[in-house]
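Q: One structure follows; several queries about it will come next.
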Amino acid sequence: MRIAKSALIDPARNEVYGVAAVALSFFVFAYSSRFGQISILAYYGLWFLLVVADYRQALGNYLKYLWIFGFALFCFVSAFWSPAFGISLRTAIQYLTHVVCALIAMRTISVLTLTRGAILGTAIVLVFSILFGTYLYDAIDGSYSFVGAFSSKNQLGFYASLGLFFAASYLLIWRQKGPWLMASGGVGLLSAYCLLASQSATSAITTAGVLALCAGYMPVAQLSPNHRKLLVSGLVVVGVVAIIGALQMGAVDAVLGIFGKDSTLTGRTYLWQQGIEAIRDNPILGTGYQGYWVPGFADAERLWDDFFITARSGFHFHNTFIEVTVETGLVGLALLCMIMLINVFGHLSAMLSRNRDPASTLLCALSVLLLIRAFVEVDVLFPYQIGSFLMFYAAGRLTLRQKSAEFTSHPVGGRRTVTA
């Protein structure tokens, strides 16, 4: 049986392959530590197969992506002054190839297909966690939390957060009908249950905030671009003033109290202090990518002991900006912040300037979610992470010539849907 190239690489015709590839990628990102190298090879196979099918369409002109590769390339270079050269070099190469996979996905998978694949992928991840998951005792706050098949409640909370985000976006942003709408409703309920069970305050607060922004933007989207820009600019100013006022009145402690947390954010403030101290050793270039959390290194061992991390792995400063500065210095911080901010403002500009552009709206909201989470989590710094995959996918979309979403015939069921 011969499969047409377009069924693999044409974003308007490859929904079946695209949904399967995104869903399997989600599963690999979640559980590669469980299934090992075979799962990573499957992930590479999914995306590099598209290069074999049509390398021009899958790769494009990489000169346009230099600003996207800047951070990953600097991570590679930083391995040469890292105290753990072998670990840093290997992980940097993995990160670079991970970025390539995200950019292949960006060129061959539409944002609507990504959304459907994410809905299916998070459903599989969460069902697996429910079937094979466990509860773990948190020695810091003295509570038991459902961690699923992960090693941390925050990881489960992040996938539940993404499941809720993509499910809600199908209704709020894409406004699609049919079987996928019903599926998104089911996945939304499943994600909400897992989010509550994980007791991850970070994921719950950030998801609620971004979904509220999405729902609030829907009436604004009906205005003309000029009126839309004016209104959003005014709302941003009012929002900033309101946030500053709320912070001064102790809103943070009140919100954290709802989730049973204190102002130390379960020890995060101590971690941040230790990270800032570590930055002072080499503020410009850092210790080297993945060169801090290494077994046998005194500072890492001390913090693992402080936080009862017996596995001596899978730990970080719970703040992307501190983590990246420790490892890659202010140079790496500037390169990563550039990507994250261009994502937010690039997709925001497209969202406000175009009529009916659900793809830009979704990617803007997703970029805001990753940016907010960066203050309390580390989602985008490592290879084979869903956060970094989505960040580089969103960045790559800004390099494409994008038109307003058009209504085209969908290959499944002959239904007319939005393809973006």
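Chain labels run A, B, ... following the order of the structure tokens; each chain numbers its residues from 1, and ligands are numbered from 1 in the order shown.
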For Ala7 (chain A), work out the shell of residues within 10 Å, counting only C-alpha atoms and skipping chain neighbours fewer than 4 positions away, then give it as a list of chain:residue names.

A: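 My reading of the contact set: A:Ile3, A:Pro11, A:Ala12, A:Arg13, A:Asn14, A:Glu15, A:Val16, A:Tyr17, A:Gly18.
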
Q: Please, could you write that set of residues out with N, CA, C and O atoms as a PDB file, in the first residue's frame?

A:
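So the final result, stored in again-v1.pdb, reads:
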ATOM      1  N   ILE A   3       1.454   5.280   0.436  1.00  0.00           N
ATOM      2  CA  ILE A   3       0.873   6.445   1.108  1.00  0.00           C
ATOM      3  C   ILE A   3       1.383   7.706   0.439  1.00  0.00           C
ATOM      4  O   ILE A   3       2.585   7.882   0.233  1.00  0.00           O
ATOM      5  N   PRO A  11       0.008  20.212   5.836  1.00  0.00           N
ATOM      6  CA  PRO A  11      -0.788  20.535   7.032  1.00  0.00           C
ATOM      7  C   PRO A  11      -2.296  20.503   6.796  1.00  0.00           C
ATOM      8  O   PRO A  11      -3.053  20.315   7.751  1.00  0.00           O
ATOM      9  N   ALA A  12      -2.733  20.677   5.553  1.00  0.00           N
ATOM     10  CA  ALA A  12      -4.166  20.673   5.269  1.00  0.00           C
ATOM     11  C   ALA A  12      -4.720  19.266   5.090  1.00  0.00           C
ATOM     12  O   ALA A  12      -5.937  19.081   5.065  1.00  0.00           O
ATOM     13  N   ARG A  13      -3.827  18.260   4.977  1.00  0.00           N
ATOM     14  CA  ARG A  13      -4.303  16.911   4.660  1.00  0.00           C
ATOM     15  C   ARG A  13      -3.759  15.825   5.584  1.00  0.00           C
ATOM     16  O   ARG A  13      -4.112  14.661   5.423  1.00  0.00           O
ATOM     17  N   ASN A  14      -2.904  16.182   6.520  1.00  0.00           N
ATOM     18  CA  ASN A  14      -2.251  15.133   7.321  1.00  0.00           C
ATOM     19  C   ASN A  14      -2.761  15.066   8.755  1.00  0.00           C
ATOM     20  O   ASN A  14      -2.009  14.755   9.672  1.00  0.00           O
ATOM     21  N   GLU A  15      -4.043  15.347   8.941  1.00  0.00           N
ATOM     22  CA  GLU A  15      -4.563  15.388  10.304  1.00  0.00           C
ATOM     23  C   GLU A  15      -4.371  14.061  11.031  1.00  0.00           C
ATOM     24  O   GLU A  15      -3.986  14.039  12.202  1.00  0.00           O
ATOM     25  N   VAL A  16      -4.619  12.951  10.366  1.00  0.00           N
ATOM     26  CA  VAL A  16      -4.527  11.649  11.035  1.00  0.00           C
ATOM     27  C   VAL A  16      -3.105  11.417  11.548  1.00  0.00           C
ATOM     28  O   VAL A  16      -2.900  11.082  12.713  1.00  0.00           O
ATOM     29  N   TYR A  17      -2.121  11.620  10.663  1.00  0.00           N
ATOM     30  CA  TYR A  17      -0.732  11.427  11.086  1.00  0.00           C
ATOM     31  C   TYR A  17      -0.339  12.474  12.123  1.00  0.00           C
ATOM     32  O   TYR A  17       0.322  12.158  13.118  1.00  0.00           O
ATOM     33  N   GLY A  18      -0.737  13.713  11.904  1.00  0.00           N
ATOM     34  CA  GLY A  18      -0.359  14.782  12.813  1.00  0.00           C
ATOM     35  C   GLY A  18      -0.901  14.577  14.212  1.00  0.00           C
ATOM     36  O   GLY A  18      -0.176  14.752  15.204  1.00  0.00           O
TER      37      GLY A  18
END

Q: Give me the residues within 8 Å of Cys194 (chain A) as a ChimeraX atom specification, counting only C-alpha atoms and dropping any in the same chain fewer than 6 places off.

A: /A:126,156-157,160

Q: Taking only C-alpha atoms into account, name the residue in A:Gly387, A:Gly332, A:Pro283, A:Gly163 that is nearest to Gly186 (chain A).

A: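 Distance minimum relative to Gly186 (chain A) lands on A:Gly163.
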
Q: Which polymer residues have any atom within 10 Å of an atom of region 98-106 of chain A, counting only C-alpha atoms, with same-chain residues fewer than 2 positions away left out, as a VMD selection string?

A: chain A and resid 9 11 18 21 to 22 43 to 48 50 to 51 55 57 to 60 62 65 68 to 69 72 92 to 96 108 to 111 114 382 to 386 388 to 400

Q: Please list as a list of chain:residue names every residue within 7 Å of Gly148 (chain A), counting only C-alpha atoms and excluding residues in the same chain fewer than 6 positions away.

A: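 Near neighbours after the sequence-gap exclusion: A:Ser129, A:Ile130, A:Phe132, A:Gly133, A:Thr134, A:Leu156.
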
Q: Go through A:Gly288, A:Gly275, A:Pro179, A:Gly185 one by one, measure the shortest atom-to-atom distance of each to Val331 (chain A) using only C-alpha atoms, and give the residue with the smallest value.

A: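 Looking at the shortest contact to Val331 (chain A), the residue is A:Gly288.
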
Q: Check the smallest atom-to-atom distance from each of A:Arg356, A:Leu330, A:Gly216, A:Leu196 to Leu231 (chain A) using only C-alpha atoms, then report the winner.

A: A:Gly216

Q: Write out as an MDAnalysis selection string the residues lying within 10 Å of Leu24 (chain A), counting only C-alpha atoms and excluding same-chain residues fewer than 5 positions away.

A: chainID A and resid 18:19 29:30 39 42:43 46 117:118 120:122 124:125

Q: Determine, counting only C-alpha atoms, which protein, DNA and RNA residues have an atom within 10 Å of an atom of Gly329 (chain A); residues of the same chain fewer than 2 positions away are not included. Present the result as a list in words.

A: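 With the cut-off at 10 Å, the set is Ser78, Ile279, Arg280, Asp281, Asn282, Pro283, Ile284, Leu285, Gly286, Thr287, Gly288, Tyr289, Phe321, Ile322, Glu323, Val324, Thr325, Val326, Glu327, Val331, Gly332, Leu333 and Ala334 of chain A.
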
Q: Would you mind exporting the chosen residues as a compact mmCIF listing (two decimals), in the first residue's frame, restricted to N, CA, C and O atoms?

A:
# COMPACT_ATOMS: atom_id res chain seq x y z
N SER A 78 28.27 26.07 25.98
CA SER A 78 28.56 26.15 27.42
C SER A 78 29.08 24.83 27.98
O SER A 78 29.67 24.81 29.08
N ILE A 279 24.48 32.03 41.25
CA ILE A 279 24.69 32.88 40.07
C ILE A 279 25.92 33.75 40.24
O ILE A 279 26.66 34.02 39.28
N ARG A 280 26.19 34.16 41.46
CA ARG A 280 27.31 35.08 41.72
C ARG A 280 28.67 34.47 41.38
O ARG A 280 29.63 35.17 41.17
N ASP A 281 28.75 33.14 41.33
CA ASP A 281 30.02 32.49 41.01
C ASP A 281 30.44 32.73 39.57
O ASP A 281 31.63 32.84 39.28
N ASN A 282 29.46 32.78 38.66
CA ASN A 282 29.77 33.01 37.23
C ASN A 282 28.55 33.65 36.58
O ASN A 282 27.80 32.98 35.87
N PRO A 283 28.31 34.92 36.82
CA PRO A 283 27.06 35.55 36.39
C PRO A 283 26.93 35.72 34.87
O PRO A 283 25.81 35.76 34.37
N ILE A 284 28.02 35.79 34.14
CA ILE A 284 27.94 36.07 32.71
C ILE A 284 27.69 34.80 31.90
O ILE A 284 26.77 34.75 31.05
N LEU A 285 28.46 33.75 32.14
CA LEU A 285 28.37 32.54 31.33
C LEU A 285 27.77 31.35 32.07
O LEU A 285 27.40 30.36 31.43
N GLY A 286 27.66 31.41 33.37
CA GLY A 286 27.07 30.31 34.12
C GLY A 286 28.02 29.14 34.32
O GLY A 286 29.16 29.14 33.85
N THR A 287 27.54 28.11 35.01
CA THR A 287 28.37 26.93 35.27
C THR A 287 28.45 26.01 34.07
O THR A 287 29.31 25.13 34.01
N GLY A 288 27.57 26.17 33.09
CA GLY A 288 27.48 25.26 31.97
C GLY A 288 26.14 24.56 31.98
O GLY A 288 25.60 24.22 33.04
N TYR A 289 25.58 24.35 30.79
CA TYR A 289 24.25 23.72 30.68
C TYR A 289 24.25 22.35 31.36
O TYR A 289 25.12 21.51 31.09
N PHE A 321 14.04 31.44 35.25
CA PHE A 321 15.01 32.51 35.07
C PHE A 321 16.24 32.32 35.96
O PHE A 321 17.38 32.57 35.55
N ILE A 322 16.02 31.84 37.18
CA ILE A 322 17.15 31.54 38.06
C ILE A 322 17.92 30.32 37.55
O ILE A 322 19.15 30.32 37.47
N GLU A 323 17.17 29.28 37.16
CA GLU A 323 17.81 28.05 36.68
C GLU A 323 18.68 28.31 35.46
O GLU A 323 19.83 27.86 35.38
N VAL A 324 18.15 29.05 34.49
CA VAL A 324 18.91 29.28 33.26
C VAL A 324 20.11 30.19 33.52
O VAL A 324 21.16 30.03 32.88
N THR A 325 20.00 31.11 34.46
CA THR A 325 21.13 31.99 34.76
C THR A 325 22.23 31.23 35.49
O THR A 325 23.42 31.47 35.25
N VAL A 326 21.86 30.33 36.38
CA VAL A 326 22.86 29.50 37.05
C VAL A 326 23.65 28.69 36.03
O VAL A 326 24.87 28.59 36.09
N GLU A 327 22.94 28.11 35.05
CA GLU A 327 23.59 27.19 34.11
C GLU A 327 24.24 27.90 32.92
O GLU A 327 25.29 27.46 32.44
N VAL A 331 23.96 35.67 29.61
CA VAL A 331 23.88 35.51 28.16
C VAL A 331 22.76 34.54 27.81
O VAL A 331 21.90 34.82 26.96
N GLY A 332 22.74 33.38 28.46
CA GLY A 332 21.68 32.41 28.21
C GLY A 332 20.32 32.93 28.61
O GLY A 332 19.32 32.68 27.92
N LEU A 333 20.26 33.67 29.72
CA LEU A 333 18.99 34.25 30.16
C LEU A 333 18.43 35.19 29.09
O LEU A 333 17.24 35.15 28.78
N ALA A 334 19.29 36.03 28.52
CA ALA A 334 18.84 36.98 27.49
C ALA A 334 18.33 36.24 26.26
O ALA A 334 17.30 36.61 25.68

Q: Quick one: residues within 6 Å of region 200-203 of chain A, only C-alpha atoms counted, chain neighbours fewer than 4 positions away excluded, as a ChimeraX atom specification?

A: /A:154,157-158,161,207

Q: Would you list, as a PyMOL selection string, the residues of region 116-301 of chain A that end up in alpha helix (DSSP H) under DSSP run on this structure's backbone?

A: chain A and resi 116-132+153-169+179-198+201-220+225-248+251-258+268-279+298-301

Q: In terms of the shortest atom-to-atom distance over only C-alpha atoms, which of A:Gln290, A:Leu66, A:Asp54, A:Tyr135 is closest to Ile87 (chain A)?

A: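 Ranking A:Gln290, A:Leu66, A:Asp54, A:Tyr135 by distance to Ile87 (chain A), first place goes to A:Gln290.
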
Q: Could you jot down the CA of Ser353 (chain A) to CA of Gly70 (chain A) separation for me, Å, one decimal place?

A: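 Computing it gives 28.0 Å between the two atoms.
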
Q: Given only C-alpha atoms as the basis, pick out the residue of A:Ala167, A:Ala79, A:Leu8, A:Val210 nearest to Leu369 (chain A).

A: A:Val210

Q: Ranking A:Ser233, A:Leu335, A:Phe315, A:Phe165 by minimum distance to Val220 (chain A) and counting only C-alpha atoms, which one comes first?

A: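 The answer is A:Ser233, which sits nearest to Val220 (chain A).
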
Q: Run DSSP on the backbone and tell me which residues of region 119-302 of chain A come out as strand (DSSP E or B); list them as a PyMOL selection string.

A: chain A and resi 134-138+143-148

Q: How many Å lie between CA of Thr206 (chain A) and CA of Ser349 (chain A), rounded to one decimal?

A: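 Distance reported for this atom pair: 22.1 Å.
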
Q: Mind pulling up the distance from CA of Pro295 (chain A) to CA of Ser313 (chain A)?

A: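 We find that CA of Ser313 (chain A) and CA of Pro295 (chain A) lie 7.9 Å from each other.
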